[in-house]
file query_19.pdb (PDB, C-alpha atoms (C1' of nucleotides))
MODEL        1
ATOM      1  CA  MET A   1      -5.344 -13.441 -28.900
ATOM      2  CA  LYS A   2      -2.046 -11.742 -28.189
ATOM      3  CA  ASN A   3      -2.293  -8.018 -28.505
ATOM      4  CA  LEU A   4       1.270  -6.807 -28.355
ATOM      5  CA  GLN A   5       1.494  -3.298 -29.689
ATOM      6  CA  HIS A   6       4.496  -1.057 -29.867
ATOM      7  CA  PRO A   7       4.280   2.714 -30.161
ATOM      8  CA  PRO A   8       6.046   4.260 -33.151
ATOM      9  CA  LYS A   9       9.301   5.942 -32.333
ATOM     10  CA  GLU A  10       7.892   9.452 -32.651
ATOM     11  CA  ASP A  11       5.303   8.718 -29.999
ATOM     12  CA  ILE A  12       7.800   7.730 -27.343
ATOM     13  CA  SER A  13       7.451  10.122 -24.443
ATOM     14  CA  LEU A  14      10.164  10.987 -21.997
ATOM     15  CA  PHE A  15       7.641  11.125 -19.188
ATOM     16  CA  GLY A  16       6.397   7.665 -20.053
ATOM     17  CA  ILE A  17       9.929   6.347 -19.984
ATOM     18  CA  LEU A  18      10.692   8.006 -16.661
ATOM     19  CA  TYR A  19       7.552   6.603 -15.161
ATOM     20  CA  ALA A  20       8.147   3.117 -16.492
ATOM     21  CA  LEU A  21      11.661   3.099 -15.097
ATOM     22  CA  SER A  22      10.669   4.435 -11.686
ATOM     23  CA  GLU A  23       9.576   0.933 -10.685
ATOM     24  CA  PRO A  24      12.520  -1.208  -9.553
ATOM     25  CA  VAL A  25      11.338  -4.423 -11.192
ATOM     26  CA  ARG A  26      10.848  -2.685 -14.499
ATOM     27  CA  PHE A  27      14.167  -0.912 -14.237
ATOM     28  CA  SER A  28      15.808  -4.249 -13.640
ATOM     29  CA  ILE A  29      14.219  -5.677 -16.754
ATOM     30  CA  VAL A  30      15.623  -2.856 -18.849
ATOM     31  CA  GLU A  31      19.004  -3.194 -17.206
ATOM     32  CA  GLN A  32      19.160  -6.876 -18.041
ATOM     33  CA  LEU A  33      18.475  -6.016 -21.669
ATOM     34  CA  ALA A  34      21.140  -3.344 -21.783
ATOM     35  CA  ASP A  35      23.768  -5.500 -23.418
ATOM     36  CA  GLY A  36      21.551  -5.976 -26.440
ATOM     37  CA  GLU A  37      20.487  -9.490 -25.639
ATOM     38  CA  GLU A  38      17.040 -10.781 -26.383
ATOM     39  CA  LEU A  39      15.482 -12.557 -23.425
ATOM     40  CA  THR A  40      12.369 -14.607 -22.888
ATOM     41  CA  CYS A  41      10.312 -13.623 -19.896
ATOM     42  CA  GLY A  42      11.446 -16.671 -17.999
ATOM     43  CA  ALA A  43      15.088 -15.828 -18.571
ATOM     44  CA  PHE A  44      14.990 -12.641 -16.516
ATOM     45  CA  LYS A  45      16.314 -12.553 -13.011
ATOM     46  CA  LEU A  46      13.304 -11.236 -11.182
ATOM     47  CA  PRO A  47      11.727 -11.386  -7.733
ATOM     48  CA  ALA A  48      10.262 -14.832  -7.251
ATOM     49  CA  SER A  49       7.510 -13.262  -5.206
ATOM     50  CA  LYS A  50       5.760 -11.710  -8.191
ATOM     51  CA  GLY A  51       2.957 -13.532  -9.931
ATOM     52  CA  LYS A  52       2.766 -14.196 -13.653
ATOM     53  CA  SER A  53       0.117 -11.606 -14.363
ATOM     54  CA  THR A  54       2.014  -8.992 -12.418
ATOM     55  CA  MET A  55       4.994  -9.506 -14.652
ATOM     56  CA  THR A  56       2.826  -9.407 -17.742
ATOM     57  CA  HIS A  57       1.617  -6.043 -16.510
ATOM     58  CA  HIS A  58       5.157  -4.735 -16.039
ATOM     59  CA  PHE A  59       6.179  -5.875 -19.496
ATOM     60  CA  LYS A  60       3.156  -4.140 -20.911
ATOM     61  CA  VAL A  61       4.031  -0.869 -19.189
ATOM     62  CA  LEU A  62       7.530  -1.102 -20.622
ATOM     63  CA  ARG A  63       6.184  -1.946 -24.062
ATOM     64  CA  ASP A  64       3.672   0.900 -23.995
ATOM     65  CA  SER A  65       6.375   3.333 -22.961
ATOM     66  CA  GLY A  66       8.411   2.327 -26.005
ATOM     67  CA  LEU A  67      11.315   0.925 -24.043
ATOM     68  CA  ILE A  68      11.089  -2.685 -25.085
ATOM     69  CA  TYR A  69      10.156  -4.690 -28.131
ATOM     70  CA  THR A  70       8.437  -8.042 -27.834
ATOM     71  CA  ARG A  71       8.689 -10.670 -30.527
ATOM     72  CA  VAL A  72       6.641 -13.846 -30.368
ATOM     73  CA  GLU A  73       8.271 -17.077 -31.470
ATOM     74  CA  GLY A  74       6.526 -20.305 -30.768
ATOM     75  CA  ARG A  75       5.188 -20.109 -27.285
ATOM     76  CA  GLU A  76       7.944 -17.842 -26.088
ATOM     77  CA  HIS A  77       8.141 -14.058 -26.060
ATOM     78  CA  TYR A  78      11.492 -12.575 -26.864
ATOM     79  CA  THR A  79      12.035  -9.163 -25.361
ATOM     80  CA  SER A  80      14.684  -6.674 -26.397
ATOM     81  CA  LEU A  81      15.536  -3.073 -25.701
ATOM     82  CA  ARG A  82      14.556  -0.458 -28.303
ATOM     83  CA  ARG A  83      17.861   1.195 -27.781
ATOM     84  CA  GLU A  84      18.165   2.782 -31.188
ATOM     85  CA  ASP A  85      14.724   4.312 -31.051
ATOM     86  CA  ILE A  86      15.319   5.657 -27.570
ATOM     87  CA  ASN A  87      18.723   6.983 -28.520
ATOM     88  CA  ASP A  88      17.262   8.647 -31.573
ATOM     89  CA  ARG A  89      14.667  10.453 -29.557
ATOM     90  CA  PHE A  90      16.634  11.095 -26.386
ATOM     91  CA  PRO A  91      20.315  10.986 -27.233
ATOM     92  CA  GLN A  92      22.627   9.804 -24.486
ATOM     93  CA  PHE A  93      19.819   9.516 -22.006
ATOM     94  CA  LEU A  94      19.531   5.754 -21.703
ATOM     95  CA  ASP A  95      23.251   5.212 -21.610
ATOM     96  CA  ALA A  96      23.701   7.868 -18.962
ATOM     97  CA  LEU A  97      20.908   6.398 -16.930
ATOM     98  CA  LEU A  98      22.185   2.853 -16.987
ATOM     99  CA  LYS A  99      25.686   4.031 -16.313
ATOM    100  CA  ALA A 100      24.582   6.246 -13.453
ATOM    101  CA  TYR A 101      22.756   3.404 -11.835
ATOM    102  CA  GLY A 102      25.588   0.991 -12.454
ATOM    103  CA  THR A 103      28.021   3.152 -10.526
ATOM    104  CA  THR A 104      25.958   3.133  -7.369
ATOM    105  CA  ALA A 105      23.933  -0.043  -7.313
ATOM    106  CA  LYS A 106      26.036  -2.634  -9.025
ATOM    107  CA  ASN A 107      25.066  -6.155  -7.932
ATOM    108  CA  HIS A 108      22.391  -4.970  -5.603
ATOM    109  CA  HIS A 109      19.340  -6.431  -7.171
ATOM    110  CA  SER A 110      20.889  -9.155  -9.254
ATOM    111  CA  ARG A 111      21.359 -10.906  -5.950
ATOM    112  CA  ALA A 112      18.093  -9.817  -4.451
ATOM    113  CA  PHE A 113      16.119 -11.384  -7.266
ATOM    114  CA  SER A 114      16.165 -15.133  -7.614
ATOM    115  CA  SER A 115      15.740 -16.773 -10.968
ATOM    116  CA  LYS A 116      12.279 -18.190 -11.349
ATOM    117  CA  SER A 117      10.255 -18.994 -14.409
ATOM    118  CA  PHE A 118       6.750 -17.606 -14.369
TER     119      PHE A 118
ATOM    120  CA  MET B   1       4.839  25.158  11.354
ATOM    121  CA  LYS B   2       6.776  24.617   8.160
ATOM    122  CA  ASN B   3       8.117  21.140   7.903
ATOM    123  CA  LEU B   4      10.551  21.229   5.015
ATOM    124  CA  GLN B   5      12.892  18.268   5.191
ATOM    125  CA  HIS B   6      15.575  17.280   2.740
ATOM    126  CA  PRO B   7      16.982  13.770   2.468
ATOM    127  CA  PRO B   8      20.744  13.445   2.903
ATOM    128  CA  LYS B   9      22.616  12.905  -0.321
ATOM    129  CA  GLU B  10      23.247   9.217   0.341
ATOM    130  CA  ASP B  11      19.534   8.567   0.630
ATOM    131  CA  ILE B  12      18.698   9.944  -2.787
ATOM    132  CA  SER B  13      17.203   7.137  -4.834
ATOM    133  CA  LEU B  14      17.282   6.900  -8.591
ATOM    134  CA  PHE B  15      13.795   5.433  -8.596
ATOM    135  CA  GLY B  16      12.519   8.329  -6.545
ATOM    136  CA  ILE B  17      14.049  10.767  -8.977
ATOM    137  CA  LEU B  18      12.635   8.978 -11.997
ATOM    138  CA  TYR B  19       9.220   8.925 -10.454
ATOM    139  CA  ALA B  20       9.327  12.566  -9.447
ATOM    140  CA  LEU B  21      10.359  13.588 -12.957
ATOM    141  CA  SER B  22       7.733  11.469 -14.692
ATOM    142  CA  GLU B  23       5.161  14.159 -13.971
ATOM    143  CA  PRO B  24       5.283  16.997 -16.530
ATOM    144  CA  VAL B  25       4.688  19.815 -14.054
ATOM    145  CA  ARG B  26       7.446  18.550 -11.786
ATOM    146  CA  PHE B  27       9.786  18.031 -14.699
ATOM    147  CA  SER B  28       9.150  21.591 -15.756
ATOM    148  CA  ILE B  29      10.025  22.856 -12.302
ATOM    149  CA  VAL B  30      13.359  21.075 -12.418
ATOM    150  CA  GLU B  31      13.995  22.305 -15.928
ATOM    151  CA  GLN B  32      13.430  25.902 -14.886
ATOM    152  CA  LEU B  33      15.992  25.438 -12.129
ATOM    153  CA  ALA B  34      18.546  23.916 -14.440
ATOM    154  CA  ASP B  35      20.535  27.090 -14.937
ATOM    155  CA  GLY B  36      21.302  27.251 -11.230
ATOM    156  CA  GLU B  37      18.872  29.988 -10.395
ATOM    157  CA  GLU B  38      16.969  30.104  -7.160
ATOM    158  CA  LEU B  39      13.260  30.711  -7.674
ATOM    159  CA  THR B  40      10.337  31.426  -5.416
ATOM    160  CA  CYS B  41       7.262  29.338  -6.037
ATOM    161  CA  GLY B  42       5.497  32.245  -7.639
ATOM    162  CA  ALA B  43       8.349  32.825 -10.062
ATOM    163  CA  PHE B  44       7.886  29.532 -11.873
ATOM    164  CA  LYS B  45       6.124  29.361 -15.186
ATOM    165  CA  LEU B  46       3.479  26.799 -14.382
ATOM    166  CA  PRO B  47      -0.017  25.842 -15.510
ATOM    167  CA  ALA B  48      -2.429  28.430 -14.213
ATOM    168  CA  SER B  49      -4.989  25.703 -13.789
ATOM    169  CA  LYS B  50      -3.279  24.141 -10.793
ATOM    170  CA  GLY B  51      -4.262  25.115  -7.284
ATOM    171  CA  LYS B  52      -1.881  26.271  -4.585
ATOM    172  CA  SER B  53      -2.035  23.070  -2.604
ATOM    173  CA  THR B  54      -1.426  21.003  -5.712
ATOM    174  CA  MET B  55       1.784  22.864  -6.287
ATOM    175  CA  THR B  56       2.788  22.488  -2.673
ATOM    176  CA  HIS B  57       2.352  18.766  -3.181
ATOM    177  CA  HIS B  58       4.544  18.724  -6.277
ATOM    178  CA  PHE B  59       7.268  20.690  -4.554
ATOM    179  CA  LYS B  60       7.157  18.244  -1.687
ATOM    180  CA  VAL B  61       7.540  15.255  -4.001
ATOM    181  CA  LEU B  62      10.556  16.922  -5.590
ATOM    182  CA  ARG B  63      12.011  17.769  -2.199
ATOM    183  CA  ASP B  64      11.473  14.255  -0.869
ATOM    184  CA  SER B  65      13.133  12.798  -3.929
ATOM    185  CA  GLY B  66      16.211  14.910  -3.244
ATOM    186  CA  LEU B  67      15.973  16.910  -6.444
ATOM    187  CA  ILE B  68      15.352  20.332  -4.985
ATOM    188  CA  TYR B  69      16.354  22.331  -1.953
ATOM    189  CA  THR B  70      13.969  24.776  -0.346
ATOM    190  CA  ARG B  71      15.160  27.730   1.673
ATOM    191  CA  VAL B  72      12.757  29.919   3.600
ATOM    192  CA  GLU B  73      13.365  33.644   3.655
ATOM    193  CA  GLY B  74      10.697  35.898   5.021
ATOM    194  CA  ARG B  75       7.431  34.657   3.669
ATOM    195  CA  GLU B  76       8.945  33.340   0.496
ATOM    196  CA  HIS B  77      10.382  29.933  -0.305
ATOM    197  CA  TYR B  78      13.446  29.859  -2.477
ATOM    198  CA  THR B  79      13.853  26.668  -4.426
ATOM    199  CA  SER B  80      17.006  25.473  -6.100
ATOM    200  CA  LEU B  81      18.245  22.334  -7.788
ATOM    201  CA  ARG B  82      20.493  20.008  -5.773
ATOM    202  CA  ARG B  83      22.612  19.548  -8.826
ATOM    203  CA  GLU B  84      25.846  18.721  -7.068
ATOM    204  CA  ASP B  85      24.254  16.085  -4.877
ATOM    205  CA  ILE B  86      22.523  14.491  -7.822
ATOM    206  CA  ASN B  87      25.663  14.611  -9.929
ATOM    207  CA  ASP B  88      27.637  13.048  -7.114
ATOM    208  CA  ARG B  89      25.269  10.150  -6.836
ATOM    209  CA  PHE B  90      24.305   9.757 -10.476
ATOM    210  CA  PRO B  91      27.031  11.270 -12.609
ATOM    211  CA  GLN B  92      25.941  12.725 -15.943
ATOM    212  CA  PHE B  93      22.379  11.614 -15.440
ATOM    213  CA  LEU B  94      20.704  14.938 -14.817
ATOM    214  CA  ASP B  95      22.629  16.712 -17.536
ATOM    215  CA  ALA B  96      21.856  13.985 -20.041
ATOM    216  CA  LEU B  97      18.218  14.050 -19.080
ATOM    217  CA  LEU B  98      17.786  17.785 -19.426
ATOM    218  CA  LYS B  99      19.748  17.808 -22.635
ATOM    219  CA  ALA B 100      17.754  14.902 -24.045
ATOM    220  CA  TYR B 101      14.518  16.675 -23.312
ATOM    221  CA  GLY B 102      15.783  19.966 -24.602
ATOM    222  CA  THR B 103      16.534  18.514 -28.019
ATOM    223  CA  THR B 104      12.997  17.284 -28.549
ATOM    224  CA  ALA B 105      10.670  19.499 -26.621
ATOM    225  CA  LYS B 106      12.205  22.933 -26.581
ATOM    226  CA  ASN B 107       9.604  25.648 -26.082
ATOM    227  CA  HIS B 108       6.754  23.199 -25.823
ATOM    228  CA  HIS B 109       5.633  23.736 -22.306
ATOM    229  CA  SER B 110       7.118  27.114 -21.614
ATOM    230  CA  ARG B 111       4.381  28.362 -23.872
ATOM    231  CA  ALA B 112       1.756  25.969 -22.620
ATOM    232  CA  PHE B 113       2.181  27.201 -19.067
ATOM    233  CA  SER B 114       1.218  30.720 -18.302
ATOM    234  CA  SER B 115       2.815  32.649 -15.512
ATOM    235  CA  LYS B 116       0.578  32.800 -12.496
ATOM    236  CA  SER B 117       1.378  33.336  -8.875
ATOM    237  CA  PHE B 118      -0.255  30.872  -6.562
TER     238      PHE B 118
ATOM    239  C1'  DC C   1      -3.834  46.879  13.975
ATOM    240  C1'  DG C   2      -6.008  45.122   9.835
ATOM    241  C1'  DA C   3      -5.261  43.446   5.293
ATOM    242  C1'  DT C   4      -2.608  41.219   1.956
ATOM    243  C1'  DT C   5       0.746  37.855   0.466
ATOM    244  C1'  DA C   6       3.132  33.324   0.292
ATOM    245  C1'  DG C   7       2.746  29.106   1.044
ATOM    246  C1'  DT C   8       1.619  25.049   4.205
ATOM    247  C1'  DT C   9      -1.501  21.650   6.387
ATOM    248  C1'  DC C  10      -5.609  19.071   6.586
ATOM    249  C1'  DT C  11      -9.096  16.620   4.479
ATOM    250  C1'  DA C  12     -11.561  14.676   0.749
ATOM    251  C1'  DT C  13     -12.249  12.545  -3.767
ATOM    252  C1'  DG C  14     -11.813  10.282  -8.164
ATOM    253  C1'  DT C  15      -8.470   7.948 -10.683
ATOM    254  C1'  DC C  16      -4.556   5.212 -11.456
ATOM    255  C1'  DT C  17      -1.505   1.355 -10.218
ATOM    256  C1'  DA C  18       0.741  -2.871  -8.462
ATOM    257  C1'  DT C  19      -0.568  -7.155  -7.219
ATOM    258  C1'  DA C  20      -2.674 -11.479  -7.971
ATOM    259  C1'  DG C  21      -6.180 -15.197  -8.994
ATOM    260  C1'  DT C  22      -8.487 -17.543 -12.602
ATOM    261  C1'  DA C  23      -9.438 -18.568 -17.111
ATOM    262  C1'  DC C  24      -7.782 -18.847 -21.645
ATOM    263  C1'  DA C  25      -4.816 -19.524 -25.963
ATOM    264  C1'  DA C  26      -0.998 -21.225 -28.572
ATOM    265  C1'  DT C  27       2.837 -24.134 -28.959
ATOM    266  C1'  DG C  28       5.668 -28.284 -28.427
ATOM    267  C1'  DG C  29       6.735 -32.858 -26.540
ATOM    268  C1'  DC C  30       5.232 -37.525 -25.472
TER     269       DC C  30
ATOM    270  C1'  DG D   1      -4.649 -36.681 -28.857
ATOM    271  C1'  DC D   2      -3.247 -35.279 -24.264
ATOM    272  C1'  DC D   3      -0.602 -32.647 -21.221
ATOM    273  C1'  DA D   4       2.790 -29.366 -19.739
ATOM    274  C1'  DT D   5       4.790 -24.859 -20.865
ATOM    275  C1'  DT D   6       4.642 -19.924 -21.798
ATOM    276  C1'  DG D   7       2.669 -16.500 -21.368
ATOM    277  C1'  DT D   8      -1.797 -13.114 -22.129
ATOM    278  C1'  DA D   9      -6.623 -11.442 -20.849
ATOM    279  C1'  DC D  10      -9.938 -10.485 -17.579
ATOM    280  C1'  DT D  11     -11.418  -9.182 -13.158
ATOM    281  C1'  DA D  12     -10.946  -7.613  -8.564
ATOM    282  C1'  DT D  13      -8.809  -5.102  -4.718
ATOM    283  C1'  DA D  14      -6.048  -2.372  -1.615
ATOM    284  C1'  DG D  15      -3.148   1.372  -1.604
ATOM    285  C1'  DA D  16      -1.117   5.407  -3.723
ATOM    286  C1'  DC D  17      -1.442   9.710  -6.245
ATOM    287  C1'  DA D  18      -2.940  14.252  -8.406
ATOM    288  C1'  DT D  19      -6.091  17.601  -7.619
ATOM    289  C1'  DA D  20      -8.243  21.001  -4.948
ATOM    290  C1'  DG D  21     -11.080  23.463  -1.248
ATOM    291  C1'  DA D  22     -10.722  25.469   3.275
ATOM    292  C1'  DA D  23      -8.454  26.728   7.295
ATOM    293  C1'  DC D  24      -4.211  28.196   9.019
ATOM    294  C1'  DT D  25       0.566  30.420   9.903
ATOM    295  C1'  DA D  26       4.025  33.626   9.338
ATOM    296  C1'  DA D  27       5.659  37.803   7.327
ATOM    297  C1'  DT D  28       5.095  42.270   5.142
ATOM    298  C1'  DC D  29       2.787  46.675   4.151
ATOM    299  C1'  DG D  30      -0.138  50.638   4.875
TER     300       DG D  30
ENDMDL
END

call {"tool": "encode", "arguments": {"input": "query_19.pdb", "output": "structure tokens"}}
result
Amino acid sequence: MKNLQHPPKEDISLFGILYALSEPVRFSIVEQLADGEELTCGAFKLPASKGKSTMTHHFKVLRDSGLIYTRVEGREHYTSLRREDINDRFPQFLDALLKAYGTTAKNHHSRAFSSKSF
Amino acid sequence: MKNLQHPPKEDISLFGILYALSEPVRFSIVEQLADGEELTCGAFKLPASKGKSTMTHHFKVLRDSGLIYTRVEGREHYTSLRREDINDRFPQFLDALLKAYGTTAKNHHSRAFSSKSF
DNA sequence: CGATTAGTTCTATGTCTATAGTACAATGGC
DNA sequence: GCCATTGTACTATAGACATAGAACTAATCG
């Protein structure tokens, strides 16, 4: 039984977000969702070295922090960024963060991670 | 022998910063430095419940992440925010973060933490 | 000098976390 | 119906982290 819960907007904590994003793989997931696209887990560019259950864990941390929304359709899970909710609670923060990272680390990890379905 | 090292600006990592700030006590330290003031450890408003060595640990995490600079004068340690270095590497990020938090959590922890020298 | 103050260093401990292996469930294609 | 696909759930484990007690250092004060 899938148990995908999302915290209500009011419960989103800045500390939870900071923690969730302090892990490079998780940050990369959020970054790849930044353009508003919805992606299935397999569509992410992620380190091939990580196992399935590890990635499930990372998605759960992101979900619990309120950063992402997961929608089940068929056997696939579509993940998107809860940008509006985050912006509502912490105006400008997410944009500034993604922009700040973009200016220093552009292309770094998109090359480091190979595309592998898990 | 005091061993207070600061990473050069180029080595400051966004992930390190995010991690360091994901802990409420550490976030509070940075917030109290936001106005540019230099504070001794005892001058911070922090939870009275924390021991001396715990706080030393938190200051070290912040120092290692590149967020704060510690200057020794006499028997006191003056701590300040490395705002310019952070801004250079991650433009707008720190300001957006502090502002984002300020809009939602103003006064929350400044009351929760009592002033206690440690 | 002796005592106090400010803060570090060392060591220990319980808890949390990233990782992964295996089993499981639900869907879709043949 | 059978099998591959797409993940989750459960369980385990090694390492990291927050917390703190105790000893220690360096500086200041009386």

call {"tool": "residues_around", "arguments": {"input": "query_19.pdb", "residues": "B:Glu10", "least_positions_apart": "3", "cutoff": "9 Å", "atoms": "all atoms listed in the file", "output": "list of chain:residue names"}}
result
B:Pro7, B:Ser13, B:Asp85, B:Arg89

call {"tool": "closest_atom_pairs", "arguments": {"input": "query_19.pdb", "of": "chain D", "to": "chain B", "cutoff": "9 Å", "atoms": "only C-alpha atoms (C1' of nucleotides)", "output": "CSV"}}
result
residue,atom,partner,partner_atom,distance
D:DA18,C1',B:Thr54,CA,7.4
D:DT19,C1',B:Thr54,CA,6.1
D:DA20,C1',B:Gly51,CA,6.2
D:DT25,C1',B:Met1,CA,6.9
D:DA26,C1',B:Arg75,CA,6.7
D:DA27,C1',B:Arg75,CA,5.1
D:DT28,C1',B:Arg75,CA,8.1

call {"tool": "write_last_selection", "arguments": {"input": "query_19.pdb", "atoms": "C-alpha atoms (C1' of nucleotides)", "output": "compact mmCIF listing (two decimals), in the frame of the given file"}}
result
# COMPACT_ATOMS: atom_id res chain seq x y z
C1' DA D 18 -2.94 14.25 -8.41
C1' DT D 19 -6.09 17.60 -7.62
C1' DA D 20 -8.24 21.00 -4.95
C1' DT D 25 0.57 30.42 9.90
C1' DA D 26 4.03 33.63 9.34
C1' DA D 27 5.66 37.80 7.33
C1' DT D 28 5.10 42.27 5.14

call {"tool": "calpha_fit_and_write", "arguments": {"input": "query_19.pdb", "fixed": "chain A", "moving": "chain B", "output": "CSV table (one decimal) with C-alpha atoms, keeping the file's coordinate frame"}}
result
chain,number,residue,atom,x,y,z
B,1,MET,CA,-5.4,-13.5,-28.9
B,2,LYS,CA,-2.1,-11.8,-28.2
B,3,ASN,CA,-2.3,-8.0,-28.4
B,4,LEU,CA,1.3,-6.8,-28.3
B,5,GLN,CA,1.5,-3.3,-29.7
B,6,HIS,CA,4.5,-1.0,-29.9
B,7,PRO,CA,4.3,2.7,-30.2
B,8,PRO,CA,6.0,4.3,-33.2
B,9,LYS,CA,9.3,5.9,-32.3
B,10,GLU,CA,7.9,9.5,-32.6
B,11,ASP,CA,5.3,8.7,-30.0
B,12,ILE,CA,7.8,7.7,-27.4
B,13,SER,CA,7.5,10.1,-24.5
B,14,LEU,CA,10.2,11.0,-22.0
B,15,PHE,CA,7.6,11.1,-19.2
B,16,GLY,CA,6.4,7.7,-20.1
B,17,ILE,CA,9.9,6.3,-20.0
B,18,LEU,CA,10.7,8.0,-16.7
B,19,TYR,CA,7.5,6.6,-15.2
B,20,ALA,CA,8.1,3.1,-16.5
B,21,LEU,CA,11.7,3.1,-15.1
B,22,SER,CA,10.7,4.4,-11.7
B,23,GLU,CA,9.6,0.9,-10.7
B,24,PRO,CA,12.5,-1.2,-9.6
B,25,VAL,CA,11.3,-4.4,-11.2
B,26,ARG,CA,10.8,-2.7,-14.5
B,27,PHE,CA,14.2,-0.9,-14.2
B,28,SER,CA,15.8,-4.3,-13.7
B,29,ILE,CA,14.2,-5.7,-16.8
B,30,VAL,CA,15.6,-2.9,-18.9
B,31,GLU,CA,19.0,-3.2,-17.2
B,32,GLN,CA,19.2,-6.9,-18.1
B,33,LEU,CA,18.5,-6.0,-21.7
B,34,ALA,CA,21.1,-3.4,-21.8
B,35,ASP,CA,23.8,-5.5,-23.4
B,36,GLY,CA,21.5,-6.0,-26.5
B,37,GLU,CA,20.5,-9.5,-25.7
B,38,GLU,CA,17.0,-10.8,-26.4
B,39,LEU,CA,15.5,-12.6,-23.5
B,40,THR,CA,12.3,-14.6,-22.9
B,41,CYS,CA,10.3,-13.6,-19.9
B,42,GLY,CA,11.4,-16.7,-18.0
B,43,ALA,CA,15.1,-15.8,-18.6
B,44,PHE,CA,15.0,-12.7,-16.6
B,45,LYS,CA,16.3,-12.6,-13.0
B,46,LEU,CA,13.3,-11.3,-11.2
B,47,PRO,CA,11.8,-11.4,-7.8
B,48,ALA,CA,10.3,-14.8,-7.3
B,49,SER,CA,7.6,-13.3,-5.2
B,50,LYS,CA,5.8,-11.7,-8.2
B,51,GLY,CA,3.0,-13.5,-10.0
B,52,LYS,CA,2.8,-14.2,-13.7
B,53,SER,CA,0.2,-11.6,-14.3
B,54,THR,CA,2.1,-9.0,-12.4
B,55,MET,CA,5.0,-9.5,-14.7
B,56,THR,CA,2.8,-9.4,-17.8
B,57,HIS,CA,1.6,-6.1,-16.5
B,58,HIS,CA,5.2,-4.7,-16.1
B,59,PHE,CA,6.2,-5.9,-19.5
B,60,LYS,CA,3.2,-4.1,-20.9
B,61,VAL,CA,4.0,-0.9,-19.2
B,62,LEU,CA,7.5,-1.1,-20.6
B,63,ARG,CA,6.2,-1.9,-24.1
B,64,ASP,CA,3.7,0.9,-24.0
B,65,SER,CA,6.4,3.3,-23.0
B,66,GLY,CA,8.4,2.3,-26.0
B,67,LEU,CA,11.3,0.9,-24.1
B,68,ILE,CA,11.1,-2.7,-25.1
B,69,TYR,CA,10.1,-4.7,-28.2
B,70,THR,CA,8.4,-8.0,-27.9
B,71,ARG,CA,8.7,-10.7,-30.5
B,72,VAL,CA,6.6,-13.8,-30.4
B,73,GLU,CA,8.2,-17.1,-31.5
B,74,GLY,CA,6.5,-20.3,-30.8
B,75,ARG,CA,5.1,-20.1,-27.3
B,76,GLU,CA,7.9,-17.8,-26.1
B,77,HIS,CA,8.1,-14.0,-26.1
B,78,TYR,CA,11.5,-12.6,-26.9
B,79,THR,CA,12.0,-9.2,-25.4
B,80,SER,CA,14.7,-6.7,-26.4
B,81,LEU,CA,15.5,-3.1,-25.7
B,82,ARG,CA,14.5,-0.5,-28.3
B,83,ARG,CA,17.9,1.2,-27.8
B,84,GLU,CA,18.2,2.8,-31.2
B,85,ASP,CA,14.7,4.3,-31.0
B,86,ILE,CA,15.3,5.7,-27.6
B,87,ASN,CA,18.7,7.0,-28.5
B,88,ASP,CA,17.3,8.7,-31.6
B,89,ARG,CA,14.7,10.5,-29.5
B,90,PHE,CA,16.6,11.1,-26.4
B,91,PRO,CA,20.3,11.0,-27.2
B,92,GLN,CA,22.6,9.8,-24.4
B,93,PHE,CA,19.8,9.5,-22.0
B,94,LEU,CA,19.5,5.7,-21.7
B,95,ASP,CA,23.3,5.2,-21.6
B,96,ALA,CA,23.7,7.9,-18.9
B,97,LEU,CA,20.9,6.4,-16.9
B,98,LEU,CA,22.2,2.9,-17.0
B,99,LYS,CA,25.7,4.0,-16.3
B,100,ALA,CA,24.6,6.3,-13.4
B,101,TYR,CA,22.8,3.4,-11.8
B,102,GLY,CA,25.6,1.0,-12.4
B,103,THR,CA,28.0,3.1,-10.5
B,104,THR,CA,25.9,3.1,-7.3
B,105,ALA,CA,23.9,0.0,-7.3
B,106,LYS,CA,26.0,-2.7,-9.0
B,107,ASN,CA,25.1,-6.2,-7.8
B,108,HIS,CA,22.4,-4.9,-5.5
B,109,HIS,CA,19.3,-6.4,-7.1
B,110,SER,CA,20.8,-9.1,-9.2
B,111,ARG,CA,21.3,-10.8,-5.9
B,112,ALA,CA,18.1,-9.8,-4.4
B,113,PHE,CA,16.1,-11.3,-7.2
B,114,SER,CA,16.2,-15.0,-7.6
B,115,SER,CA,15.8,-16.7,-10.9
B,116,LYS,CA,12.3,-18.1,-11.3
B,117,SER,CA,10.3,-18.9,-14.4
B,118,PHE,CA,6.8,-17.6,-14.3

call {"tool": "atom_distance", "arguments": {"input": "query_19.pdb", "atom1": "atom CA of A:Tyr69", "atom2": "atom CA of A:His6"}}
result
6.9 Å

call {"tool": "closest_residue", "arguments": {"input": "query_19.pdb", "among": "C:DT4, C:DT27, C:DA18, C:DT11", "to": "D:DG7", "atoms": "only C-alpha atoms (C1' of nucleotides)"}}
result
C:DT27

call {"tool": "atom_distance", "arguments": {"input": "query_19.pdb", "atom1": "atom CA of B:Asn3", "atom2": "atom CA of B:Glu84"}}
result
23.3 Å

call {"tool": "atom_distance", "arguments": {"input": "query_19.pdb", "atom1": "atom CA of B:Arg82", "atom2": "atom CA of B:Gly66"}}
result
7.1 Å

call {"tool": "interface_residues", "arguments": {"input": "query_19.pdb", "of": "chain B", "to": "chain A", "cutoff": "10 Å", "atoms": "all atoms listed in the file", "output": "PyMOL selection string"}}
result
chain B and resi 13-24+27+87-105

call {"tool": "interface_residues", "arguments": {"input": "query_19.pdb", "of": "chain C", "to": "chain B", "cutoff": "9 Å", "atoms": "all atoms listed in the file", "output": "VMD selection string"}}
result
chain C and resid 5 to 9

call {"tool": "decode", "arguments": {"input": "query_19.pdb", "residues": "stretch 31-37 of chain B", "atoms": "C-alpha atoms", "output": "compact mmCIF listing (two decimals), in the first residue's frame"}}
result
# COMPACT_ATOMS: atom_id res chain seq x y z
CA GLU B 31 20.30 35.38 12.49
CA GLN B 32 21.65 37.25 15.49
CA LEU B 33 24.73 38.15 13.47
CA ALA B 34 22.72 39.35 10.52
CA ASP B 35 22.96 43.02 11.38
CA GLY B 36 26.74 42.90 11.09
CA GLU B 37 27.47 42.92 14.77
